[in-house]
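Novice: Sharing input.cif below, mmCIF, C-alpha atoms:
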data_target
#
loop_
_atom_site.label_atom_id
_atom_site.label_comp_id
_atom_site.auth_asym_id
_atom_site.auth_seq_id
_atom_site.Cartn_x
_atom_site.Cartn_y
_atom_site.Cartn_z
CA MET A 19 -4.32 -23.42 -0.06
CA SER A 20 -1.92 -25.69 -1.93
CA LYS A 21 0.19 -24.68 -4.92
CA THR A 22 -2.43 -26.28 -7.15
CA GLY A 23 -4.98 -23.77 -5.89
CA LYS A 24 -6.92 -26.14 -3.65
CA PRO A 25 -7.50 -25.47 0.07
CA ARG A 26 -5.19 -27.48 2.31
CA ARG A 27 -8.17 -28.47 4.42
CA PRO A 28 -11.78 -27.31 4.55
CA LEU A 29 -12.64 -24.52 6.96
CA GLN A 30 -15.91 -24.28 8.80
CA SER A 31 -18.15 -22.28 6.50
CA ASN A 32 -21.75 -21.59 5.75
CA ARG A 33 -23.83 -19.43 3.45
CA VAL A 34 -27.30 -18.47 4.61
CA MET A 35 -30.01 -16.40 2.98
CA SER A 36 -32.68 -15.35 5.46
CA SER A 37 -35.63 -13.01 5.84
CA VAL A 38 -36.38 -11.24 9.13
CA ALA A 39 -39.37 -8.92 9.34
CA GLY A 40 -39.56 -8.93 5.59
CA ARG A 41 -35.92 -7.87 5.08
CA LEU A 42 -33.60 -10.13 3.12
CA SER A 43 -30.09 -10.72 4.37
CA TYR A 44 -27.15 -12.86 3.32
CA GLU A 45 -24.58 -14.20 5.77
CA GLU A 46 -21.39 -16.06 4.97
CA ARG A 47 -18.66 -17.52 7.15
CA ARG A 48 -15.35 -19.01 6.15
CA GLY A 49 -12.86 -19.75 8.87
CA ILE A 50 -12.15 -16.52 10.75
CA ARG A 51 -14.02 -14.38 8.21
CA HIS A 52 -17.62 -13.31 8.56
CA VAL A 53 -19.71 -11.09 6.32
CA GLU A 54 -23.34 -10.10 6.64
CA ILE A 55 -25.20 -8.17 3.95
CA ASP A 56 -28.62 -6.59 4.21
CA LEU A 57 -29.86 -6.97 0.62
CA GLU A 58 -32.10 -3.95 1.01
CA GLY A 59 -29.45 -1.39 1.72
CA LYS A 60 -26.82 -2.28 4.31
CA GLY A 61 -23.69 -3.90 2.95
CA PRO A 62 -20.56 -5.29 4.61
CA GLU A 63 -17.81 -3.04 5.88
CA SER A 64 -16.13 -1.53 2.83
CA ALA A 65 -12.40 -1.62 2.26
CA LYS A 66 -12.44 2.19 2.54
CA ASP A 67 -14.00 2.00 6.01
CA LEU A 68 -11.50 -0.68 6.98
CA ALA A 69 -8.64 1.52 5.74
CA ARG A 70 -9.94 4.35 7.91
CA THR A 71 -10.03 2.03 10.92
CA LEU A 72 -6.50 0.76 10.24
CA SER A 73 -5.13 4.28 9.80
CA GLY A 74 -6.68 5.40 13.06
CA ALA A 75 -5.23 2.39 14.87
CA ALA A 76 -1.79 3.01 13.31
CA ASN A 77 -1.84 6.64 14.43
CA ARG A 78 -2.82 5.68 17.99
CA LEU A 79 -0.15 2.98 18.14
CA LEU A 80 2.61 5.39 17.15
CA GLN A 81 1.32 8.03 19.55
CA LYS A 82 1.30 5.59 22.49
CA ALA A 83 4.81 4.46 21.56
CA GLY A 84 5.94 8.09 21.71
CA GLU A 85 7.00 8.03 18.06
CA LYS A 86 6.77 10.70 15.39
CA SER A 87 3.37 11.05 13.68
CA LEU A 88 2.71 11.02 9.96
CA GLY A 89 1.71 14.68 10.21
CA ALA A 90 5.13 15.56 11.62
CA VAL A 91 6.85 13.64 8.81
CA LEU A 92 4.78 15.43 6.16
CA GLU A 93 5.61 18.77 7.77
CA GLU A 94 9.31 17.94 7.67
CA ALA A 95 9.04 17.09 3.97
CA ARG A 96 7.29 20.42 3.27
CA ALA A 97 9.80 22.37 5.37
CA SER A 98 12.73 20.98 3.40
CA LYS A 99 11.73 23.25 0.47
CA ALA A 100 13.28 20.77 -1.96
CA ASN A 101 12.95 21.35 -5.68
CA ASP A 102 11.24 17.96 -5.98
CA PRO A 103 8.43 17.69 -3.37
CA ASP A 104 7.79 14.07 -4.33
CA ALA A 105 11.41 13.11 -3.68
CA ALA A 106 11.37 15.10 -0.42
CA LEU A 107 8.29 13.21 0.76
CA ASN A 108 9.76 9.83 -0.19
CA GLN A 109 12.99 10.67 1.62
CA ALA A 110 11.16 11.78 4.78
CA LEU A 111 8.97 8.67 4.79
CA ALA A 112 11.95 6.38 4.16
CA ALA A 113 13.89 7.96 7.05
CA TRP A 114 10.84 7.59 9.33
CA VAL A 115 10.28 3.94 8.53
CA GLY A 116 14.02 3.20 8.56
CA GLY A 117 14.41 4.65 12.04
CA LEU A 118 11.51 2.60 13.37
CA THR A 119 12.90 -0.52 11.70
CA LEU A 120 16.26 -0.09 13.42
CA LYS A 121 14.55 0.54 16.75
CA TYR A 122 11.79 -2.09 16.72
CA GLY A 123 12.39 -4.40 13.75
CA LEU A 124 10.98 -4.65 10.24
CA LEU A 125 7.94 -6.71 11.27
CA SER A 126 7.14 -4.76 14.43
CA PRO A 127 3.69 -3.16 14.84
CA ALA A 128 5.22 0.34 14.97
CA THR A 129 7.13 -0.15 11.71
CA LEU A 130 4.13 -1.71 9.98
CA ALA A 131 1.94 1.16 11.16
CA ALA A 132 4.37 3.69 9.70
CA ARG A 133 4.62 1.78 6.42
CA LEU A 134 0.83 1.69 6.15
CA LEU A 135 0.46 5.40 6.78
CA GLY A 136 3.45 6.26 4.61
CA HIS A 137 2.28 4.31 1.56
CA SER A 138 -1.20 5.82 1.85
CA ALA A 139 0.21 9.35 2.06
CA SER A 140 2.60 8.79 -0.83
CA LEU A 141 -0.12 7.36 -3.08
CA THR A 142 -2.47 10.23 -2.26
CA PHE A 143 0.28 12.74 -3.07
CA LYS A 144 1.11 11.04 -6.37
CA LEU A 145 -2.53 10.87 -7.41
CA THR A 146 -2.95 14.56 -6.68
CA ASN A 147 0.03 15.37 -8.88
CA LEU A 148 -1.32 13.17 -11.68
CA LEU A 149 -4.84 14.55 -11.59
CA VAL A 150 -4.16 18.20 -10.82
CA PRO A 151 -1.73 20.20 -13.02
CA GLU A 152 0.63 22.74 -11.47
CA GLU A 153 -1.50 25.63 -12.70
CA GLY A 154 -4.51 24.22 -10.87
CA LEU A 155 -8.06 23.54 -12.05
CA GLU A 156 -11.37 25.32 -12.25
CA ASP A 157 -13.82 24.50 -9.45
CA ALA A 158 -15.81 21.94 -11.40
CA ALA A 159 -12.67 20.22 -12.69
CA ALA A 160 -11.12 20.29 -9.23
CA GLU A 161 -14.20 18.56 -7.77
CA ALA A 162 -14.06 15.93 -10.51
CA ALA A 163 -10.35 15.36 -9.84
CA ALA A 164 -11.00 14.99 -6.10
CA ALA A 165 -13.78 12.48 -6.80
CA GLU A 166 -11.47 10.54 -9.13
CA GLN A 167 -8.75 10.51 -6.50
CA LEU A 168 -11.14 9.08 -3.90
CA ALA A 169 -12.35 6.45 -6.36
CA ILE A 170 -8.81 5.33 -7.19
CA MET A 171 -7.83 5.20 -3.52
CA GLY A 172 -10.94 3.11 -2.91
CA GLN A 173 -9.80 0.64 -5.58
CA ILE A 174 -6.35 0.53 -3.97
CA TYR A 175 -7.94 -0.32 -0.62
CA GLU A 176 -10.02 -3.04 -2.27
CA LEU A 177 -6.86 -4.47 -3.85
CA ALA A 178 -5.09 -4.40 -0.50
CA ASP A 179 -8.00 -6.21 1.18
CA ALA A 180 -8.19 -8.89 -1.52
CA TRP A 181 -4.38 -9.23 -1.49
CA HIS A 182 -4.39 -9.72 2.28
CA TRP A 183 -7.03 -12.44 2.37
CA PHE A 184 -5.81 -14.32 -0.70
CA HIS A 185 -2.27 -14.19 0.70
CA MET A 186 -3.59 -15.84 3.88
CA GLU A 187 -5.38 -18.51 1.82
CA LEU A 188 -2.43 -19.19 -0.47
CA PHE A 189 0.16 -19.64 2.27
CA GLY A 190 -2.02 -21.49 4.77
CA GLU A 191 -2.22 -18.60 7.26
CA HIS A 192 -6.02 -18.61 7.15
CA GLU A 193 -6.15 -22.27 8.21
CA LEU A 194 -3.66 -21.66 11.01
CA ALA A 195 -5.56 -18.63 12.28
CA TYR A 196 -8.81 -20.58 12.23
CA ALA A 197 -7.25 -23.54 14.04
CA LYS A 198 -5.84 -21.25 16.71
CA ARG A 199 -9.19 -19.54 17.22
CA GLN A 200 -10.95 -22.90 17.52
CA HIS A 201 -8.33 -24.12 19.99
CA ALA A 202 -8.68 -20.97 22.09
CA ALA A 203 -12.46 -21.27 22.06
CA GLY A 204 -12.27 -24.94 23.01
CA THR A 205 -9.81 -24.20 25.82
CA ALA A 206 -12.00 -21.43 27.18
CA LYS A 207 -15.06 -23.66 27.00
CA GLY A 208 -13.20 -26.52 28.68
CA SER A 209 -11.91 -24.23 31.44
CA ALA A 210 -15.41 -22.88 32.07
CA ALA A 211 -16.85 -26.41 32.19
CA THR A 212 -14.10 -27.55 34.59
CA ALA A 213 -14.69 -24.55 36.84
CA ASP A 214 -18.44 -25.21 36.83
CA LYS A 215 -17.93 -28.87 37.81
CA ALA A 216 -15.54 -27.85 40.59
CA ALA A 217 -18.06 -25.34 41.92
CA ARG A 218 -20.90 -27.89 41.86
CA ARG A 219 -18.76 -30.50 43.62
CA ALA A 220 -17.70 -27.92 46.22
CA ARG A 221 -21.37 -27.21 46.99
CA ILE A 222 -22.01 -30.93 47.54
CA VAL A 223 -19.01 -31.17 49.90
CA ARG A 224 -20.16 -28.03 51.75
CA ALA A 225 -23.68 -29.42 52.19
CA ALA A 226 -22.32 -32.72 53.52
CA ILE A 227 -20.08 -30.92 56.00
CA ASP A 228 -22.96 -28.76 57.21
CA ALA A 229 -25.17 -31.83 57.66
CA LEU A 230 -22.42 -33.62 59.61
CA ARG A 231 -21.86 -30.61 61.86
CA GLU A 232 -25.58 -30.44 62.54
CA ALA A 233 -25.60 -34.14 63.55
CA GLY A 234 -22.80 -33.43 66.04
CA LYS A 235 -21.27 -36.91 65.89
CA VAL A 236 -17.78 -36.08 64.57
CA ASN A 237 -15.00 -33.80 65.75
CA MET A 238 -15.20 -31.08 63.06
CA SER A 239 -11.64 -29.95 63.73
CA ASN A 240 -10.34 -33.29 62.44
CA ALA A 241 -10.42 -33.05 58.64
CA MET A 242 -9.58 -36.72 58.12
CA ALA A 243 -12.42 -37.83 60.43
CA VAL A 244 -14.84 -35.54 58.61
CA ALA A 245 -13.61 -36.86 55.25
CA ARG A 246 -14.15 -40.49 56.30
CA ALA A 247 -17.65 -39.67 57.54
CA ILE A 248 -18.90 -37.89 54.42
CA ARG A 249 -16.85 -39.39 51.59
CA GLN A 250 -19.39 -42.04 50.57
CA SER A 251 -22.35 -39.65 50.58
CA VAL A 252 -20.39 -37.05 48.61
CA ASP A 253 -19.30 -39.68 46.06
CA ASP A 254 -22.90 -40.84 45.70
CA GLU A 255 -24.17 -37.32 45.11
CA CYS A 256 -21.36 -36.63 42.64
CA SER A 257 -22.21 -39.78 40.68
CA LYS A 258 -25.84 -38.67 40.43
CA ALA A 259 -24.71 -35.24 39.16
CA ASP A 260 -22.23 -36.78 36.68
CA LEU A 261 -19.32 -35.26 38.60
CA PRO A 262 -15.97 -36.97 39.39
CA ARG A 263 -15.74 -39.02 42.57
CA SER A 264 -12.88 -38.53 45.01
CA ALA A 265 -9.62 -40.01 43.77
CA SER A 266 -8.40 -41.10 47.20
CA LEU A 267 -9.16 -40.55 50.87
CA ASP A 268 -6.06 -38.40 51.34
CA ALA A 269 -6.97 -36.16 48.39
CA PHE A 270 -10.54 -35.90 49.65
CA ALA A 271 -9.34 -35.03 53.16
CA LYS A 272 -7.40 -32.08 51.68
CA THR A 273 -10.57 -30.92 49.93
CA VAL A 274 -12.47 -31.18 53.21
CA ALA A 275 -9.73 -29.34 55.12
CA ASN A 276 -9.88 -26.46 52.62
CA ALA A 277 -13.67 -26.37 52.88
CA LEU A 278 -13.49 -26.29 56.69
CA LYS A 279 -10.98 -23.40 56.57
CA ALA A 280 -13.16 -21.49 54.11
CA GLY A 281 -16.15 -22.02 56.39
CA LYS A 282 -14.29 -20.37 59.28
CA SER A 283 -13.31 -17.26 57.28
#
Could you write out this file's structure as structure tokens?
Specialist:
Amino acid sequence: MSKTGKPRRPLQSNRVMSSVAGRLSYEERRGIRHVEIDLEGKGPESAKDLARTLSGAANRLLQKAGEKSLGAVLEEARASKANDPDAALNQALAAWVGGLTLKYGLLSPATLAARLLGHSASLTFKLTNLLVPEEGLEDAAAEAAAAEQLAIMGQIYELADAWHWFHMELFGEHELAYAKRQHAAGTAKGSAATADKAARRARIVRAAIDALREAGKVNMSNAMAVARAIRQSVDDECSKADLPRSASLDAFAKTVANALKAGKS
């Protein structure tokens, strides 16, 4: 997206409303994003579900790296017995993230995982303090406060999700990610097509060699003689199958030699 608010270039996108077995659904694609909504109940993945997935991934990443967990950091903050629990938590989280930053870098996955978990824990703690007084609440009020806390955290996750995707749009990251995905898909498709053509051509060469051996007119231990004998028929068959013809006799002789060796193994 440019500074004027217009996309730098259009991304592949579509919006489709469909009905399958009487159930309405809406599907939308834009670049690397995809959302599908069942209009009779099933919606897209919520930001809260996404946050749960991200938190789980962050915890696993830190565990595999052999780093301290969020639970251990929270326990350290509680064990400090500071007069200000909020300040103790902030200090413990800052030390955790700072240590990972020095070790791995500010933009490293481990540091980002810790920042994600730390911000979530800090916000939850602050909301609890705002919604629940020191003297506590009656059961009904406590349930209402817990529900309010979950609702606010849900809004925070929605903000984070919208922030993330609009940030990608605004600074052109969405276009770059889409272009890279398209390039990777095209490369994979091209590689598969090339491999398929090579396999089909190899079968034609193999069949020609087998036919020549059956005729018994050429010394099959002489790759160049075999290549001269079958080159024209192989090129003809390749042309019919829309496959590349041999570039030169020497190159084709190497192909034949490899096929003869493979036939002996």
Novice: Could you please determine the separation between atom CA of Asn237 of chain A and atom CA of Val223 of chain A in Å, to one decimal place?
Specialist: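 Distance between the two atoms: 16.6 Å.
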Novice: Please return as an MDAnalysis selection string every residue within 12 Å of (-23.0, -31.5, 55.4), taking into account all atoms listed in the file and the file's own coordinates.
Specialist: chainID A and resid 220:236 238 244:245 247:249 251:252 255 274 277:278 281
Novice: Could you please determine the separation between atom CA of Ala213 of chain A and atom CA of Met242 of chain A in Å, to one decimal place?
Specialist: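 According to the coordinates, atom CA of Ala213 of chain A and atom CA of Met242 of chain A are separated by 25.0 Å.
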Novice: For this structure, which residues satisfy the selection - the PyMOL selection byres ((chain A and resi 138-153) around 10) - when it is evaluated on the file as given? I want them as JSON, numbers by chain.
Specialist: {"A": [69, 73, 88, 89, 92, 103, 104, 107, 108, 111, 132, 133, 134, 135, 136, 137, 154, 155, 156, 159, 160, 162, 163, 164, 166, 167, 168, 170, 171, 174, 175]}
Novice: Given the PyMOL selection byres ((chain A and resi 114-121) around 9) and the file above, list the residues it selects as a list in words.
Specialist: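 Output of the PyMOL selection byres ((chain A and resi 114-121) around 9): Glu85, Lys86, Leu88, Val91, Gln109, Ala110, Leu111, Ala112, Ala113, Tyr122, Gly123, Leu124, Leu125, Ser126, Ala128, Thr129, Leu130, Ala132, Arg133 and Gly136 of chain A.
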Novice: As an exercise, work out the distance from atom CA of Ala180 of chain A to atom CA of Glu63 of chain A in Å and give it to one decimal place.
Specialist: 13.5 Å
Novice: What do you get, as a list of chain:residue names, if you spell out every residue that the PyMOL selection byres ((chain A and resi 196-204) around 10) selects here?
Specialist: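 Taken over the shown coordinates, the PyMOL selection byres ((chain A and resi 196-204) around 10) returns A:Leu29, A:Gln30, A:Arg48, A:Gly49, A:Ile50, A:Arg51, A:Glu191, A:His192, A:Glu193, A:Leu194, A:Ala195, A:Thr205, A:Ala206, A:Lys207, A:Gly208, A:Ser209, A:Ala210.
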Novice: Taking into account all atoms listed in the file, which residue in the set A:Asn240, A:Asn32, A:Thr212, A:Thr273 is nearest to Leu261 of chain A?
Specialist: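 Checking each of A:Asn240, A:Asn32, A:Thr212, A:Thr273 against Leu261 of chain A, counting all atoms listed in the file, the winner is A:Thr212.
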